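Before any comments, here is the structure.
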Amino acid sequence: MAGIYLHIPFCRKACHYCNFHFSTSLRLKDDLLAALHQEIIARKTELSEVVFSTIYFGGGTPSILTADELDHLLQILRNHYPITSDPEITLEANPDDLTEDYLEQLQSIGINRLSIGVQSFSPTDLAYMNRSHDAQQAITSLRWAKKIGFHSLNADLIYGTPGMTDATFLENIKTMVDAGVDHISAYALTVEPKTALAHFVKSGSSPAPDDEQTVRQFALLRQTLAQAGFDHYEISNWSLPGRESKHNTSYWQGEPYLGFGPAAHSYDGQTRSWNVANNPAYIKALQEGRMGREMEVLSPSEKFNEYVLTRLRTKWGCRMADLSSADQSYFKDAVVPFLEKGWVYERGDTFLLTEAGMDFADHISAELFR
């Protein structure tokens, strides 16, 4: 299940909460796409022993690109990498970019999964986040996607927004489920450094997210989606049976992947590398025939920590059979306090988070690190 990720670092607006690498200027778009083409071809011998089964356009906002520009990238990938005959090809998209004609074009070039950044159907929430779409555009984009035949359809959802009532949040969930999405990715609003939201909170113009509200709405989310038949397979991800994101699942299960574009990461099982998170620097490096990236070889303890961090968040949990004898011994000793608190439970040779433990997942993982 090796995957390919392409980072498209452009957005129409800067969402107040976002700390991903992006630019709201399209001035360098053509130069960046040319550099992206060069990087893809230059790295074609990496992971040469694997066949890729997923391709993921992330960002940023990849739906800023035309279908022809996306198709060109897919053709370059197909010409230089071994890809399965039926790969999962995902495009992240904003509702305001999606028209019926554009969706039909996306389907015609082989994109078969959409991840639509809805976040909320509340006008108040959308304004607070500085989203570029309105509620009606979000609803319409989901309906169009289903009508045109995108059977793999994710919608992103944010909870814990200051002022968001539980009733509003439940209505957001219901609207998504009624629209026919088969996958929901939901995230608590987080104040990230160097974002507009961080400035607003620091200056007092916006309250910080309320922890009690966040925990309560996460519980409502789990309960409501379970009743709707969704499987909670990773802390932030729910799907109808068999509709998990293959690409993201490969990350959580430690499969290798290649990342192209500024700020993109790659992993081959032993080494992690990442491209420079700067559009002009990324373009300049490729124009000069070099890779603007850094690399590190993971130590045994770093590999253990990554395993715990990613697997404990999933329904598959931490399997002792995946670990060395020394790591098994360490893990079983370190996890005892969380077993006693009822935050972790043991099933066979596997340790998993309880529902109560999900509220403390990052803390638990950090305490288990070597």
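Residue names in the structure tokens use chain letters A, B, ... in the order shown, residue numbers from 1 in each chain, and ligand numbers from 1 in the order shown.
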
* To do: Just list the residues in stretch 41-221 of chain A DSSP gives helix (DSSP H, G or I) on the backbone, as JSON, numbers by chain.
  => {"A": [41, 42, 62, 63, 64, 67, 68, 69, 70, 71, 72, 73, 74, 75, 76, 77, 78, 79, 80, 95, 96, 97, 100, 101, 102, 103, 104, 105, 106, 107, 108, 123, 124, 125, 126, 127, 128, 129, 135, 136, 137, 138, 139, 140, 141, 142, 143, 144, 145, 146, 147, 148, 166, 167, 168, 169, 170, 171, 172, 173, 174, 175, 176, 177, 178, 196, 197, 198, 199, 200, 201, 202, 203, 211, 212, 213, 214, 215, 216, 217, 218, 219, 220, 221]}

Residue subset to file, keeping C-alpha atoms, as a compact mmCIF listing (two decimals), in the first residue's frame:
# COMPACT_ATOMS: atom_id res chain seq x y z
CA ILE A 41 10.95 12.60 -12.71
CA ALA A 42 14.22 13.11 -10.82
CA PRO A 62 -5.40 21.33 -5.01
CA SER A 63 -8.78 22.13 -6.55
CA ILE A 64 -7.28 25.47 -7.55
CA ALA A 67 -8.28 19.32 -14.59
CA ASP A 68 -5.66 19.53 -17.36
CA GLU A 69 -2.96 20.54 -14.87
CA LEU A 70 -3.92 17.66 -12.57
CA ASP A 71 -4.05 15.24 -15.50
CA HIS A 72 -0.55 16.28 -16.59
CA LEU A 73 0.77 15.44 -13.12
CA LEU A 74 -0.99 12.07 -13.18
CA GLN A 75 0.44 11.27 -16.62
CA ILE A 76 3.97 12.03 -15.41
CA LEU A 77 3.45 9.76 -12.42
CA ARG A 78 2.07 6.95 -14.57
CA ASN A 79 4.99 7.30 -17.02
CA HIS A 80 7.68 7.04 -14.34
CA PRO A 95 -16.65 23.64 -2.09
CA ASP A 96 -16.39 26.95 -3.96
CA ASP A 97 -14.05 25.37 -6.54
CA GLU A 100 -20.63 20.02 -12.10
CA ASP A 101 -18.42 20.47 -15.16
CA TYR A 102 -15.20 20.47 -13.11
CA LEU A 103 -16.30 17.38 -11.16
CA GLU A 104 -17.00 15.54 -14.41
CA GLN A 105 -13.54 16.51 -15.67
CA LEU A 106 -11.93 15.25 -12.47
CA GLN A 107 -13.70 11.94 -12.80
CA SER A 108 -12.68 11.63 -16.45
CA PRO A 123 -22.42 30.87 8.46
CA THR A 124 -21.13 32.10 11.82
CA ASP A 125 -18.52 29.35 12.05
CA LEU A 126 -17.43 29.77 8.43
CA ALA A 127 -16.93 33.51 8.95
CA TYR A 128 -15.01 32.86 12.17
CA MET A 129 -12.68 30.47 10.33
CA ALA A 135 -22.98 26.86 3.64
CA GLN A 136 -25.02 26.48 0.46
CA GLN A 137 -21.90 25.94 -1.65
CA ALA A 138 -20.83 23.18 0.75
CA ILE A 139 -24.19 21.38 0.54
CA THR A 140 -24.35 21.79 -3.24
CA SER A 141 -20.81 20.48 -3.78
CA LEU A 142 -21.59 17.30 -1.83
CA ARG A 143 -24.81 16.74 -3.79
CA TRP A 144 -23.08 17.29 -7.12
CA ALA A 145 -20.26 14.91 -6.20
CA LYS A 146 -22.75 12.15 -5.34
CA LYS A 147 -24.83 12.84 -8.44
CA ILE A 148 -21.82 12.60 -10.74
CA ASP A 166 -24.04 21.34 20.54
CA ALA A 167 -27.25 21.66 18.53
CA THR A 168 -25.39 23.39 15.68
CA PHE A 169 -22.67 20.76 15.75
CA LEU A 170 -25.19 17.91 15.67
CA GLU A 171 -26.91 19.57 12.71
CA ASN A 172 -23.54 19.74 10.92
CA ILE A 173 -23.07 15.99 11.40
CA LYS A 174 -26.63 15.21 10.30
CA THR A 175 -26.27 17.32 7.15
CA MET A 176 -23.08 15.48 6.20
CA VAL A 177 -24.59 12.05 6.77
CA ASP A 178 -27.78 12.99 4.89
CA ALA A 196 -4.26 34.50 12.65
CA LEU A 197 -6.25 32.62 15.29
CA ALA A 198 -3.25 32.62 17.63
CA HIS A 199 -3.01 36.39 17.21
CA PHE A 200 -6.73 36.85 17.88
CA VAL A 201 -6.58 34.75 21.04
CA LYS A 202 -3.45 36.48 22.30
CA SER A 203 -4.94 39.94 21.66
CA ASP A 211 -11.69 22.28 26.54
CA GLU A 212 -14.99 21.14 28.04
CA GLN A 213 -16.86 22.03 24.84
CA THR A 214 -14.25 20.23 22.74
CA VAL A 215 -14.40 17.02 24.80
CA ARG A 216 -18.20 17.10 24.89
CA GLN A 217 -18.56 17.60 21.13
CA PHE A 218 -16.02 14.85 20.41
CA ALA A 219 -18.20 12.50 22.48
CA LEU A 220 -21.31 13.65 20.59
CA LEU A 221 -19.49 13.02 17.33

* Excluding same-chain residues fewer than 5 positions from A:Thr249, what lies within 9 Å of it counting only C-alpha atoms, as a PyMOL selection string? -> chain A and resi 1+234+244+254-255

* To do: Would you list the contacts of stretch 289-294 of chain A as a list of chain:residue names, taking every protein, DNA or RNA residue within 6 Å and counting only C-alpha atoms, but skipping same-chain residues closer than 6 positions in sequence?
  => A:Ser273, A:Trp274, A:Asn275, A:Val276, A:Tyr282

Next, dump the selected residues to file, keeping only C-alpha atoms, as a PDB file, in the first residue's frame.
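Result file out-v1.pdb:
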ATOM      1  CA  SER A 273      12.968  13.298   4.294  1.00  0.00           C
ATOM      2  CA  TRP A 274      11.154  16.566   3.787  1.00  0.00           C
ATOM      3  CA  ASN A 275      11.215  19.295   1.153  1.00  0.00           C
ATOM      4  CA  VAL A 276      11.834  22.937   1.964  1.00  0.00           C
ATOM      5  CA  TYR A 282      11.733  24.911  -3.752  1.00  0.00           C
TER       6      TYR A 282
END

* Skip A:Asn154 itself and residues of its chain fewer than 2 positions away, then list as a ChimeraX atom specification all residues within 12 Å of it, counting only C-alpha atoms. => /A:90-94,112-119,141-142,145-146,150-152,156-157,176-177,179-186,237-240,243-245

Residues from the last selection, C-alpha atoms, saved as a PDB file, in the first residue's frame:
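So result.pdb came out as:
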ATOM      1  CA  THR A  90      -7.798  11.533  -3.888  1.00  0.00           C
ATOM      2  CA  LEU A  91      -8.178  15.262  -4.445  1.00  0.00           C
ATOM      3  CA  GLU A  92      -8.652  17.698  -1.578  1.00  0.00           C
ATOM      4  CA  ALA A  93     -11.105  20.378  -2.679  1.00  0.00           C
ATOM      5  CA  ASN A  94     -12.900  23.436  -1.408  1.00  0.00           C
ATOM      6  CA  ASN A 112     -12.014   8.665  -7.806  1.00  0.00           C
ATOM      7  CA  ARG A 113     -12.037  10.064  -4.262  1.00  0.00           C
ATOM      8  CA  LEU A 114     -12.779  13.577  -3.038  1.00  0.00           C
ATOM      9  CA  SER A 115     -11.992  15.140   0.318  1.00  0.00           C
ATOM     10  CA  ILE A 116     -14.092  18.288   0.555  1.00  0.00           C
ATOM     11  CA  GLY A 117     -13.181  20.939   3.132  1.00  0.00           C
ATOM     12  CA  VAL A 118     -16.646  21.690   4.473  1.00  0.00           C
ATOM     13  CA  GLN A 119     -15.679  22.335   8.148  1.00  0.00           C
ATOM     14  CA  SER A 141     -20.807  20.483  -3.784  1.00  0.00           C
ATOM     15  CA  LEU A 142     -21.588  17.296  -1.832  1.00  0.00           C
ATOM     16  CA  ALA A 145     -20.259  14.905  -6.205  1.00  0.00           C
ATOM     17  CA  LYS A 146     -22.748  12.153  -5.344  1.00  0.00           C
ATOM     18  CA  PHE A 150     -17.985   9.931  -6.642  1.00  0.00           C
ATOM     19  CA  HIS A 151     -18.663   6.941  -4.420  1.00  0.00           C
ATOM     20  CA  SER A 152     -15.643   7.659  -2.204  1.00  0.00           C
ATOM     21  CA  ASP A 156     -13.894  17.590   6.748  1.00  0.00           C
ATOM     22  CA  LEU A 157     -15.522  18.838   9.929  1.00  0.00           C
ATOM     23  CA  MET A 176     -23.077  15.482   6.199  1.00  0.00           C
ATOM     24  CA  VAL A 177     -24.593  12.051   6.772  1.00  0.00           C
ATOM     25  CA  ALA A 179     -25.650  14.231   1.968  1.00  0.00           C
ATOM     26  CA  GLY A 180     -24.341  10.685   1.518  1.00  0.00           C
ATOM     27  CA  VAL A 181     -20.688  11.043   2.472  1.00  0.00           C
ATOM     28  CA  ASP A 182     -19.065   7.719   3.340  1.00  0.00           C
ATOM     29  CA  HIS A 183     -16.119   9.194   5.255  1.00  0.00           C
ATOM     30  CA  ILE A 184     -15.804  12.039   7.751  1.00  0.00           C
ATOM     31  CA  SER A 185     -12.556  13.557   9.041  1.00  0.00           C
ATOM     32  CA  ALA A 186     -13.206  15.681  12.120  1.00  0.00           C
ATOM     33  CA  ASN A 237     -11.568   9.598  11.038  1.00  0.00           C
ATOM     34  CA  TRP A 238     -14.827   7.711  10.571  1.00  0.00           C
ATOM     35  CA  SER A 239     -16.024   5.697   7.585  1.00  0.00           C
ATOM     36  CA  LEU A 240     -18.822   3.452   6.506  1.00  0.00           C
ATOM     37  CA  ARG A 243     -14.627   2.965   2.998  1.00  0.00           C
ATOM     38  CA  GLU A 244     -11.501   3.891   4.929  1.00  0.00           C
ATOM     39  CA  SER A 245      -8.979   6.184   3.242  1.00  0.00           C
TER      40      SER A 245
END

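Taking only C-alpha atoms into account, A:Ala264 lies nearest to A:Ile8 out of the set A:Leu352, A:Ile8, A:Gly317, A:Leu65.
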
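The interatomic distance for the pair atom CA of A:Asp31 and atom CA of A:Ile283 works out to 6.8 Å.
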
* Asked: Could you name the residues that touch stretch 334-342 of chain A at 10 Å or less, counting only C-alpha atoms, but leaving out those on the same chain fewer than 5 positions away, as a PyMOL selection string?
  -> chain A and resi 328-329+351-357+364-365+367-370

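Summary of the local environment: counting only C-alpha atoms, residues at most 10 Å from A:Thr54, other than itself and those fewer than 3 positions away along its chain, are Met1, Ala2, Gly3, Ile4, Tyr5, Val51, Ile83, Thr84, Asp86, Pro87, Glu88, Ile89, Thr90, Ser245, Lys246, His247, Asn248, Ser250 and Tyr257 of chain A.
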
Take the residues just selected and output them with C-alpha atoms as a PDB file, in the first residue's frame.
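Produced file result-v2.pdb, reproduced below:
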ATOM      1  CA  MET A   1       0.000   0.000   0.000  1.00  0.00           C
ATOM      2  CA  ALA A   2       2.790   2.446  -0.828  1.00  0.00           C
ATOM      3  CA  GLY A   3       1.479   5.917  -1.602  1.00  0.00           C
ATOM      4  CA  ILE A   4       2.348   9.112  -3.451  1.00  0.00           C
ATOM      5  CA  TYR A   5       1.510  12.530  -2.018  1.00  0.00           C
ATOM      6  CA  VAL A  51       4.112  -0.643  -6.519  1.00  0.00           C
ATOM      7  CA  ILE A  83       1.159   2.165 -10.138  1.00  0.00           C
ATOM      8  CA  THR A  84      -1.588  -0.410  -9.666  1.00  0.00           C
ATOM      9  CA  ASP A  86      -6.948   0.678  -9.895  1.00  0.00           C
ATOM     10  CA  PRO A  87      -5.261   3.183  -7.557  1.00  0.00           C
ATOM     11  CA  GLU A  88      -7.158   5.280  -5.062  1.00  0.00           C
ATOM     12  CA  ILE A  89      -6.660   8.857  -6.325  1.00  0.00           C
ATOM     13  CA  THR A  90      -7.798  11.533  -3.888  1.00  0.00           C
ATOM     14  CA  SER A 245      -8.979   6.184   3.242  1.00  0.00           C
ATOM     15  CA  LYS A 246      -6.414   3.761   1.837  1.00  0.00           C
ATOM     16  CA  HIS A 247      -3.829   6.512   1.519  1.00  0.00           C
ATOM     17  CA  ASN A 248      -4.034   7.787   5.081  1.00  0.00           C
ATOM     18  CA  SER A 250      -0.913   3.510   4.860  1.00  0.00           C
ATOM     19  CA  TYR A 257       5.421   6.829   0.696  1.00  0.00           C
TER      20      TYR A 257
END

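When only C-alpha atoms are used to measure the gap to A:Ala188, the shortest distance among A:Asp210, A:Asp231, A:Asp134, A:Glu39 belongs to A:Asp210.
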
* **Selection near stretch 319-326 of chain A, 10 Å with only C-alpha atoms, sequence-local residues under 3 positions removed, as a ChimeraX atom specification** => /A:304,307-308,311-312,316,329-332,346-352

* To do: Would you mind reading off the distance between atom CA of A:Gly110 and atom CA of A:Thr66, one decimal, in Å?
  => 13.8 Å

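With only C-alpha atoms as the basis for measurement, A:Gly259 is the residue among A:Pro280, A:Gly259, A:Pro162, A:Pro300 that approaches A:Leu6 most closely.
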
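Minimum atom-to-atom distance to A:Gln270, evaluated using only C-alpha atoms, belongs to A:Leu47 out of A:Lys315, A:Ala285, A:Leu47, A:Ser236.
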